[in-house]
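The block underneath contains the structure these notes are about, expressed in structure tokens.
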Number of protein chains: 2
Amino acid sequence: MNTLGIIAGSGLLPGAVAQSVQSGGGNVFVVGLRGAADEQIGRFPHAWASLGEAGKMLRLLRENQCRHVLFAGRVARPGFSELKTDSKGILLLPRVVAAASRGDDALLRSLSDILAEEGFLPVGIAEAAPALLAAEGKLGHYKPDSESARDMALGIKAVRALGTLDIGQAAIVCAGLVLAVEAAEGTDAMIARAGVLPENIRGTPEKRRGVLVKALKPTQDGKTDLPVIGVQTVENAARAGLAGIAVEAGRSVIVERQQVLETANDAGLFLFGFPKGAE
Amino acid sequence: MNTLGIIAGSGLLPGAVAQSVQSGGGNVFVVGLRGAADEQIGRFPHAWASLGEAGKMLRLLRENQCRHVLFAGRVARPGFSELKTDSKGILLLPRVVAAASRGDDALLRSLSDILAEEGFLPVGIAEAAPALLAAEGKLGHYKPDSESARDMALGIKAVRALGTLDIGQAAIVCAGLVLAVEAAEGTDAMIARAGVLPENIRGTPEKRRGVLVKALKPTQDGKTDLPVIGVQTVENAARAGLAGIAVEAGRSVIVERQQVLETANDAGLFLFGFPKGAE
């Protein structure tokens with residue numbers, strides 16, 4: 001396989017993908033999006049570009065023999081007026097701006113389409129780094145009890161409803177009550193908020209109750225922004241008194257899996273992969 | 001009309017209903033739910049009871065010649081194990097607990113059903129205090145511009161989707177992006193959270209953008225928990241940089257209307273009543 005180009009947004013996912021590809025004997029070249037990508041991409045062959053520098057991005061990918069290209073991590077909706085652009089970027093910007101007004105997923109898809117038109121082959125994490133994907137069923141030592149199973153089912157309904165409108169990927173349900181749903185604030189902030197609700201409607205580290213459900217939006221194609229669970233997610237969920245975390249099998253990524261499982265096991269949380277496509 | 005019994009949960013709504021009924025020449029008797037109702041109900045003929053003291057509540061309502069009864073304000077899901085109960089309450093508790101596990105609205109509806117079986121006539125705010133309901137169209141000095149009109153339309157879709165699952169009543173949309181959706185934390189906390197998101201995706205007091213949409217859940221019958229806007233809502237929305245607030249006409253309550261409109265006008269926010277039933 002030729003070199004995989006990774007266009008890196010924020011978070012741990014780009015590094016995890018790069019690591020996974022290298023572990024399998026493949027080569028990567030990472031284009032870090034300025035203001036978004038983590039410094040950790042410095043561990044891999046890389047360069048930096050602004051979201052508006054499409055010309056530079058395409059050139060970097062070509063110079064580094066990337067034929068397959070993958071987006072990983074989140075890209076904050078840019079302030080287009082302040083965006084650094086090059087001549088190619090300026091030509092493409094109206095299209096990206098128009099897409100951005102239809103939501104984050106449309107924004108990412110438009111970038112992916114542009115790459116395809118330029119002769120690259122956009123690939124998803126499922127193809128490039130399948131080892132990162134969550135498996136189905138019980139993933140750690142613990143499994144959901146009957147209340148948690150019901151909460152998980154309601155949480156799946158909630159995230160599907162949110163996802164249909166491109167709102168968010170995550171929700172927290174406890175004893176049949178939806179405690180929190182994610183929009184632009186991100187999963188960590190949502191978990192923290194659930195952890196300070198009145199104690200009679202939520203769990204505590206002493207008596208764990210409630211489930212964080214995270215799943216791909218139906219508007220997403222799984223190439224751009226798979227839901228990600230990391231050690232921080234588990235630590236936050238543990239602090240908020242949750243009983244466990246449920247992710248969609250085959251469509252969610254667990255970064256630093258070994259540490260994630262250890263953290264969950266130590267805190268007494270379950271990690272569960274619910275069947276792909278469950279409604 | 002005989003005396004209207006008002007079972008008062010938290011917030012300003014119970015007092016606003018009582019005031020509105022009295023202004024129209026009617027009588028009220030308020031049963032304040034302990035731990036929920038505001039001290040302000042002390043301005044009206046009243047008594048206090050726990051949510052588990054169904055016998056006491058029914059007796060108080062009968063003693064005060066209440067035939068029509070109305071629930072107003074929110075009722076936090078109780079910690080049933082700690083709830084103070086009387087003998088009637090204990091008999092009814094299993095049914096209320098079962099309802100509570102199906103959501104807040106089911107909880108309130110089960111209480112309403114119990115009152116009906118005891119010979120009372122549950123009434124809604126639309127019947128008892130129609131003057132509190134939001135009218136349709138522009139309510140203050142300002143009206144939504146074209147971006148805000150689009151944001152309002154998306155916000156309505158979002159709250160309907162949330163409401164179908166009994167999650168929440170409110171959402172904030174800015175430039176096509178859903179910034180925040182309400183679950184158990186309540187509207188004020190949701191607005192505050194939107195106001196600290198990165199500035200490039202939201203408005204500011206200097207350059208207002210974004211709309212708070214609040215609407216009845218489809219699972220609600222409008223008798224128990226109408227969405228409420230008050231001065232605090234407008235002040236929070238102003239602080240968070242929003243352009244305006246949209247509520248469902250005929251199915252939302254504006255308490256302290258004159259002050260609400262003045263606050264909105266002074267801050268440059270629009271208040272808009274979108275048509276009842278809009279999807």
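Just remember, in the structure tokens the first chain shown is A, the second B, etc., residues are 1-based per chain, and ligands are 1-based in the order shown.
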
request  = Apply DSSP to the backbone of this structure and, from range 23-221 of chain B, keep only the residues in helix (DSSP H, G or I); write these as a PyMOL selection string.
outcome  = chain B and resi 23+39-43+54-63+80-82+87-100+104-117+125-128+130-132+146-164+187-194+199-201

query = Using only C-alpha atoms, which residues sit within 10 Å of range 14-25 of chain A once same-chain residues fewer than 4 positions away are excluded, as an MDAnalysis selection string?
reply = chainID A and resid 1 3:10 29:32 37:45 70:74 125 128:132 253:256

task = Just give me the gap between CA of Gln232 in chain B and CA of Ala183 in chain A in Å, one decimal is fine.
result = 22.8 Å

query = Can you tell me, as a ChimeraX atom specification, what residues are no more than 12 Å from Pro205 in chain B when counting only C-alpha atoms, ignoring any on the same chain fewer than 6 positions away?
reply = /B:195,199,235-244,266-269

Export N, CA, C and O atoms of the chosen residues as a PDB file, in the first residue's frame?
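Result file selection.pdb:
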ATOM      1  N   GLY B 195     -23.400  30.429  25.620  1.00  0.00           N
ATOM      2  CA  GLY B 195     -22.711  31.716  25.667  1.00  0.00           C
ATOM      3  C   GLY B 195     -21.218  31.632  25.899  1.00  0.00           C
ATOM      4  O   GLY B 195     -20.525  32.645  25.857  1.00  0.00           O
ATOM      5  N   GLU B 199     -16.301  32.003  20.009  1.00  0.00           N
ATOM      6  CA  GLU B 199     -17.055  33.140  19.468  1.00  0.00           C
ATOM      7  C   GLU B 199     -17.333  33.040  17.971  1.00  0.00           C
ATOM      8  O   GLU B 199     -18.243  33.698  17.482  1.00  0.00           O
ATOM      9  N   GLU B 235     -32.776  37.833  29.960  1.00  0.00           N
ATOM     10  CA  GLU B 235     -31.466  38.336  30.405  1.00  0.00           C
ATOM     11  C   GLU B 235     -30.354  37.343  30.069  1.00  0.00           C
ATOM     12  O   GLU B 235     -29.288  37.738  29.597  1.00  0.00           O
ATOM     13  N   ASN B 236     -30.630  36.065  30.283  1.00  0.00           N
ATOM     14  CA  ASN B 236     -29.621  35.047  29.950  1.00  0.00           C
ATOM     15  C   ASN B 236     -29.356  35.012  28.450  1.00  0.00           C
ATOM     16  O   ASN B 236     -28.214  34.897  28.015  1.00  0.00           O
ATOM     17  N   ALA B 237     -30.426  35.081  27.672  1.00  0.00           N
ATOM     18  CA  ALA B 237     -30.269  35.047  26.214  1.00  0.00           C
ATOM     19  C   ALA B 237     -29.483  36.265  25.739  1.00  0.00           C
ATOM     20  O   ALA B 237     -28.635  36.167  24.846  1.00  0.00           O
ATOM     21  N   ALA B 238     -29.743  37.412  26.359  1.00  0.00           N
ATOM     22  CA  ALA B 238     -29.020  38.636  25.989  1.00  0.00           C
ATOM     23  C   ALA B 238     -27.535  38.487  26.300  1.00  0.00           C
ATOM     24  O   ALA B 238     -26.675  38.801  25.479  1.00  0.00           O
ATOM     25  N   ARG B 239     -27.238  37.956  27.481  1.00  0.00           N
ATOM     26  CA  ARG B 239     -25.848  37.764  27.901  1.00  0.00           C
ATOM     27  C   ARG B 239     -25.121  36.797  26.963  1.00  0.00           C
ATOM     28  O   ARG B 239     -23.946  36.952  26.675  1.00  0.00           O
ATOM     29  N   ALA B 240     -25.846  35.774  26.487  1.00  0.00           N
ATOM     30  CA  ALA B 240     -25.223  34.760  25.625  1.00  0.00           C
ATOM     31  C   ALA B 240     -25.080  35.234  24.176  1.00  0.00           C
ATOM     32  O   ALA B 240     -24.621  34.480  23.326  1.00  0.00           O
ATOM     33  N   GLY B 241     -25.491  36.478  23.883  1.00  0.00           N
ATOM     34  CA  GLY B 241     -25.297  37.020  22.540  1.00  0.00           C
ATOM     35  C   GLY B 241     -26.347  36.607  21.531  1.00  0.00           C
ATOM     36  O   GLY B 241     -26.160  36.778  20.324  1.00  0.00           O
ATOM     37  N   LEU B 242     -27.460  36.042  21.996  1.00  0.00           N
ATOM     38  CA  LEU B 242     -28.491  35.597  21.056  1.00  0.00           C
ATOM     39  C   LEU B 242     -29.202  36.785  20.410  1.00  0.00           C
ATOM     40  O   LEU B 242     -29.289  37.868  20.988  1.00  0.00           O
ATOM     41  N   ALA B 243     -29.733  36.547  19.207  1.00  0.00           N
ATOM     42  CA  ALA B 243     -30.499  37.578  18.502  1.00  0.00           C
ATOM     43  C   ALA B 243     -31.941  37.606  18.982  1.00  0.00           C
ATOM     44  O   ALA B 243     -32.599  38.652  18.894  1.00  0.00           O
ATOM     45  N   GLY B 244     -32.448  36.467  19.453  1.00  0.00           N
ATOM     46  CA  GLY B 244     -33.832  36.485  19.881  1.00  0.00           C
ATOM     47  C   GLY B 244     -34.319  35.162  20.427  1.00  0.00           C
ATOM     48  O   GLY B 244     -33.562  34.190  20.522  1.00  0.00           O
ATOM     49  N   ASP B 266     -34.909  46.538  25.273  1.00  0.00           N
ATOM     50  CA  ASP B 266     -33.708  47.274  25.703  1.00  0.00           C
ATOM     51  C   ASP B 266     -32.435  46.591  25.227  1.00  0.00           C
ATOM     52  O   ASP B 266     -31.461  47.247  24.879  1.00  0.00           O
ATOM     53  N   ALA B 267     -32.438  45.262  25.229  1.00  0.00           N
ATOM     54  CA  ALA B 267     -31.225  44.528  24.850  1.00  0.00           C
ATOM     55  C   ALA B 267     -31.133  44.324  23.339  1.00  0.00           C
ATOM     56  O   ALA B 267     -30.114  43.861  22.835  1.00  0.00           O
ATOM     57  N   GLY B 268     -32.196  44.661  22.609  1.00  0.00           N
ATOM     58  CA  GLY B 268     -32.174  44.490  21.159  1.00  0.00           C
ATOM     59  C   GLY B 268     -32.502  43.078  20.707  1.00  0.00           C
ATOM     60  O   GLY B 268     -32.148  42.674  19.600  1.00  0.00           O
ATOM     61  N   LEU B 269     -33.171  42.305  21.536  1.00  0.00           N
ATOM     62  CA  LEU B 269     -33.564  40.937  21.162  1.00  0.00           C
ATOM     63  C   LEU B 269     -34.988  40.920  20.612  1.00  0.00           C
ATOM     64  O   LEU B 269     -35.849  41.666  21.088  1.00  0.00           O
TER      65      LEU B 269
END

key: Non-local contacts of Val173 in chain B (7 Å; only C-alpha atoms; under 3 positions in same chain excluded) as a PyMOL selection string   = chain B and resi 151+155+176-179+210-212

key: Selection near Gly55 in chain B, 8 Å with only C-alpha atoms, sequence-local residues under 4 positions removed, as a PyMOL selection string   = chain B and resi 59+86-89

key: For chain B, the nearest of the candidates A:Leu13, A:Ala184, A:Val159, A:Leu121, counting only C-alpha atoms   = A:Ala184

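Take CA of Gly186 in chain B and CA of Gly168 in chain B: the distance between them is 8.0 Å.
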
query = Within 12 Å of Arg251 in chain B, counting only C-alpha atoms, which residues qualify if same-chain residues fewer than 6 places away don't, as number ranges by chain?
reply = B: 124-127, 129-136, 169, 214-218, 220-229, 273-278

For CA of Leu162 in chain A and CA of Asp188 in chain A, the interatomic separation in Å (one decimal) = 17.1 Å

Among the residues A:Asn2, A:Ser50, A:Ser110, A:Thr187, the one that comes closest to Arg62 in chain A [using only C-alpha atoms] = A:Asn2

message = I need the residues in range 43-257 of chain B that are strand (DSSP E) according to DSSP; give them as a PyMOL selection string.
response = chain B and resi 46-49+66-72+121-122+137-138+170-174+177-181+211-214+228-229+244-248+253-254

Put those residues in a file: N, CA and C atoms, as a short mmCIF file (atom, residue, chain, number, x, y, z; two decimals), in the first residue's frame.
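As written to disk, selection-v3.cif reads:
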data_model
loop_
_atom_site.label_atom_id
_atom_site.label_comp_id
_atom_site.auth_asym_id
_atom_site.auth_seq_id
_atom_site.Cartn_x
_atom_site.Cartn_y
_atom_site.Cartn_z
N HIS B 46 -53.00 29.44 50.55
CA HIS B 46 -52.17 28.29 50.19
C HIS B 46 -51.93 27.36 51.39
N ALA B 47 -51.39 26.18 51.07
CA ALA B 47 -50.88 25.25 52.07
C ALA B 47 -49.78 24.44 51.39
N TRP B 48 -49.03 23.70 52.21
CA TRP B 48 -47.91 22.92 51.65
C TRP B 48 -48.17 21.43 51.80
N ALA B 49 -47.70 20.63 50.82
CA ALA B 49 -47.79 19.18 50.92
C ALA B 49 -46.62 18.55 50.17
N CYS B 66 -62.29 23.50 45.83
CA CYS B 66 -61.71 23.49 44.48
C CYS B 66 -62.35 22.36 43.69
N ARG B 67 -62.92 22.71 42.56
CA ARG B 67 -63.43 21.66 41.68
C ARG B 67 -62.48 21.51 40.50
N HIS B 68 -62.05 22.62 39.97
CA HIS B 68 -61.05 22.61 38.90
C HIS B 68 -59.66 22.66 39.50
N VAL B 69 -58.79 21.84 38.97
CA VAL B 69 -57.43 21.79 39.51
C VAL B 69 -56.42 21.88 38.37
N LEU B 70 -55.34 22.57 38.61
CA LEU B 70 -54.32 22.81 37.60
C LEU B 70 -52.93 22.55 38.20
N PHE B 71 -52.09 21.85 37.45
CA PHE B 71 -50.68 21.72 37.82
C PHE B 71 -49.91 22.85 37.16
N ALA B 72 -49.00 23.47 37.88
CA ALA B 72 -48.15 24.48 37.23
C ALA B 72 -46.76 24.39 37.83
N LEU B 121 -61.71 18.25 38.25
CA LEU B 121 -61.60 18.48 36.82
C LEU B 121 -60.26 19.14 36.51
N PRO B 122 -59.32 18.38 35.97
CA PRO B 122 -58.03 19.00 35.63
C PRO B 122 -58.22 20.00 34.49
N GLY B 137 -46.51 35.81 16.10
CA GLY B 137 -45.82 36.90 15.40
C GLY B 137 -44.87 37.66 16.31
N LYS B 138 -44.50 38.84 15.86
CA LYS B 138 -43.56 39.72 16.57
C LYS B 138 -44.17 40.19 17.88
N ALA B 170 -36.18 22.83 24.66
CA ALA B 170 -35.50 24.01 24.13
C ALA B 170 -34.22 23.67 23.40
N ALA B 171 -33.87 24.54 22.45
CA ALA B 171 -32.62 24.41 21.71
C ALA B 171 -32.15 25.79 21.28
N ILE B 172 -30.86 25.90 21.02
CA ILE B 172 -30.30 27.15 20.51
C ILE B 172 -29.60 26.86 19.19
N VAL B 173 -29.97 27.63 18.16
CA VAL B 173 -29.38 27.45 16.84
C VAL B 173 -28.76 28.77 16.40
N CYS B 174 -27.55 28.71 15.83
CA CYS B 174 -26.90 29.93 15.33
C CYS B 174 -26.29 29.64 13.97
N LEU B 177 -26.18 26.04 12.82
CA LEU B 177 -25.55 25.07 13.72
C LEU B 177 -26.33 25.01 15.03
N VAL B 178 -26.67 23.81 15.46
CA VAL B 178 -27.35 23.66 16.75
C VAL B 178 -26.30 23.75 17.85
N LEU B 179 -26.32 24.84 18.59
CA LEU B 179 -25.30 25.08 19.61
C LEU B 179 -25.55 24.29 20.88
N ALA B 180 -26.82 24.13 21.24
CA ALA B 180 -27.12 23.49 22.52
C ALA B 180 -28.54 22.97 22.50
N VAL B 181 -28.76 21.84 23.16
CA VAL B 181 -30.10 21.30 23.32
C VAL B 181 -30.32 20.98 24.80
N VAL B 211 -30.75 31.87 17.86
CA VAL B 211 -32.12 31.92 18.35
C VAL B 211 -32.34 30.81 19.38
N LEU B 212 -32.94 31.19 20.49
CA LEU B 212 -33.44 30.20 21.46
C LEU B 212 -34.86 29.83 21.04
N VAL B 213 -35.11 28.55 20.82
CA VAL B 213 -36.46 28.09 20.51
C VAL B 213 -36.95 27.23 21.67
N LYS B 214 -38.16 27.52 22.12
CA LYS B 214 -38.74 26.76 23.22
C LYS B 214 -40.15 26.36 22.82
N VAL B 228 -42.10 28.04 29.58
CA VAL B 228 -42.22 29.36 30.20
C VAL B 228 -41.03 30.23 29.85
N ILE B 229 -41.31 31.47 29.51
CA ILE B 229 -40.27 32.48 29.31
C ILE B 229 -40.48 33.57 30.35
N GLY B 244 -32.45 36.47 19.45
CA GLY B 244 -33.83 36.49 19.88
C GLY B 244 -34.32 35.16 20.43
N ILE B 245 -35.59 35.16 20.78
CA ILE B 245 -36.24 34.01 21.39
C ILE B 245 -37.53 33.73 20.63
N ALA B 246 -37.74 32.46 20.29
CA ALA B 246 -38.98 32.08 19.61
C ALA B 246 -39.73 31.06 20.46
N VAL B 247 -41.00 31.31 20.67
CA VAL B 247 -41.84 30.39 21.45
C VAL B 247 -43.06 30.02 20.62
N GLU B 248 -43.70 28.92 21.00
CA GLU B 248 -44.87 28.48 20.25
C GLU B 248 -46.10 29.27 20.71
N VAL B 253 -45.94 30.16 27.82
CA VAL B 253 -46.35 31.17 28.78
C VAL B 253 -45.26 32.22 28.90
N ILE B 254 -45.66 33.47 28.90
CA ILE B 254 -44.72 34.55 29.21
C ILE B 254 -45.13 35.14 30.55
#
